[in-house]
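**Student:** This is the structure, below, for whatever I ask next.
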Amino acid sequence: MDYAALFAATPSPYLVLGPDLVIVEVNQAYLEATGRTRKNLLGQFVFDAFPDNPADPTADGVRNLNASLHRVLASRRSDTMALQKYDIPLMNRPGEFEERWWSPTNTPILTSDGTVAWIIHRVEDVTAFVEANASENQPSSRQLTERESPEAELYARSRELQRLNEELRQAHTRERHVAVALQEAATRSLNVCGDWYDMVDLSDGHFAVAVGDVVGHGLEAAAAMGMLRSALSAAIRALERPAQALEVLGLYSRSVEGALNTTVVQVLVDPTSRLIIYSSAGHPPPALVHADGTFELLDQATDPPLGARLQHVPRPQATINYGPGDTLLLYTDGLIERRGEDIDTSLARLTGLLIQYRHLTPEDLADTLLAHLGLVGGGRDDTALIIVRL
């Protein structure tokens, strides 16, 4: 394969840096995104080519990117950055900068002895989305300029979903439980995610938790995720029965592009009777770890993924009891699945960690799981998880 031709032709902007952060290669998409030429960039220290805007006292693009690049050099792992405001100098107007927003990912290329030979800096220009979101009057699709592409519209919607999910990222304290939720995009993808979680308060002190996994990554998966997540949240509020909520979601998924074969598990918790009611559409089984160190997998009500059947069939539902201090974990397959590894091995590793660290707070337990499973900074697949201390 001609990798040089592939690198040159890929539509995503890429920059290649040496360990000294000097630019050694650049593709055409990057030149077009920044208005530069190869002569402008090759051999330049990256922050000489792209300094902070001196007219913006809040500018932190250089600091943030520099921190990310040094994390890559130190850890020898990919680092996916949050959305960044990083203005760039205008080529024909010295001293002037153009406001730009980017979604960057930095990935190391290692030598045979494990040292970093190069860093691939990938960015997506999402300026049009940010500007459209900031405007009081949102433009219609017919008013979108060439820069305000359909992909940009998807990104804006996806980032809004991620922002809403951040509200659940903090620990939530209720009368009878504490929960923490995390969502991580795959390191190779844009900073949007096709996996989701949800937590809903219901009547009589009941509450519901769910996780789901849309096939694929990036913008399209995130757009489908947003519609399915909203639909399931509404269904469980109206029905308060996991199996029926998934039946409704399955019917709805037939009209959502990219929703085919989505997996999802919906759990309802009844604190009064200390009962968990659940139903799964092809999803990895949640784990319930008891305070005494024993555990159970919620695998007695598993059905095919959404849209896998041509005809509507009622979905199964099962129940299980829990005790005070038990820990419930829902997750997507990015947390446990490893290439070439049997799923039983993956589940055994996960349950072993849950048992070992069950006394930690949900927030510390989430961090510990990600660390032991090698997912700090992202993995090969999107990951979502929610931990509830019952």
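In the structure tokens, each chain is lettered A, B, ... as it comes, each chain's residues begin at 1, and ligands are numbered from 1 in order of appearance.
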Show which residues sit within 12 Å of A:Val16, as a VMD selection string. Count only C-alpha atoms, and ignore same-chain residues fewer than 2 positions away.

**Tutor:** chain A and resid 7 to 8 13 to 14 18 to 27 30 41 to 46 69 105 to 109 117 to 123

**Student:** Env of A:Gln356: 12 Å cut, atoms = only C-alpha atoms, seq-sep filter 2 positions within chain, self excluded. Answer as an MDAnalysis selection string.

**Tutor:** chainID A and resid 289:295 349:354 358:360 365 368:369 372

**Student:** Run DSSP on the backbone and give me the residues of stretch 201-377 of chain A it puts in strand (DSSP E), as a PyMOL selection string.

**Tutor:** chain A and resi 201+207-213+263-270+275-281+287-289+295-297+302-303+318-321+327-331

**Student:** Could you check the closest approach to A:Asp87 for each of A:Ala308, A:Val256, A:Ala59, A:Leu330 and tell me which residue wins, using only C-alpha atoms?

**Tutor:**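 Checking each candidate against A:Asp87, we get A:Ala59 as the closest.
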
**Student:** Interatomic distance between atom CA of A:Gly340 and atom CA of A:Leu373?

**Tutor:**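 Separating atom CA of A:Gly340 from atom CA of A:Leu373 is a distance of 15.5 Å.
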
**Student:** Distance atom CA of A:Met81-atom CA of A:Thr262, one decimal place?

**Tutor:** 26.8 Å

**Student:** Quick one: pull the distance between atom CA of A:Leu73 and atom CA of A:Ile336, Å, one decimal.

**Tutor:**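 Straight-line distance from atom CA of A:Leu73 to atom CA of A:Ile336 works out to 26.2 Å.
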
**Student:** Which residues come within 6 Å of stretch 309-326 of chain A, counting only C-alpha atoms, excluding same-chain residues fewer than 5 positions away, as a PyMOL selection string?

**Tutor:** chain A and resi 243+274-279+289-291+301+390

**Student:** Could you dump the residues just selected with C-alpha atoms as a PDB file, in the first residue's frame?

**Tutor:**
ATOM      1  CA  ALA A 243     -38.989  -4.533  28.500  1.00  0.00           C
ATOM      2  CA  ARG A 274     -34.777  -3.605  46.913  1.00  0.00           C
ATOM      3  CA  LEU A 275     -35.544  -5.049  43.502  1.00  0.00           C
ATOM      4  CA  ILE A 276     -33.788  -4.582  40.147  1.00  0.00           C
ATOM      5  CA  ILE A 277     -35.907  -5.097  37.016  1.00  0.00           C
ATOM      6  CA  TYR A 278     -34.061  -5.241  33.711  1.00  0.00           C
ATOM      7  CA  SER A 279     -34.164  -6.037  30.008  1.00  0.00           C
ATOM      8  CA  VAL A 289     -21.528  -6.874  43.182  1.00  0.00           C
ATOM      9  CA  HIS A 290     -22.838  -7.537  46.672  1.00  0.00           C
ATOM     10  CA  ALA A 291     -21.328  -5.933  49.741  1.00  0.00           C
ATOM     11  CA  ALA A 301     -33.334 -11.188  29.951  1.00  0.00           C
ATOM     12  CA  LEU A 390     -27.365   0.956  46.097  1.00  0.00           C
TER      13      LEU A 390
END

**Student:** Please identify all polymer residues within 10 Å of A:Leu246, counting only C-alpha atoms, omitting same-chain residues fewer than 5 positions from it, and present them as a list in words.

**Tutor:**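 The neighbour list is Ala231, Leu232, Ala235, Ile236, Arg241, Leu251, Tyr252, Val264, Val265, Gln266, Ser279, Ser280, Ala281, Pro305, Leu306, Pro314, Arg315 and Pro316 of chain A.
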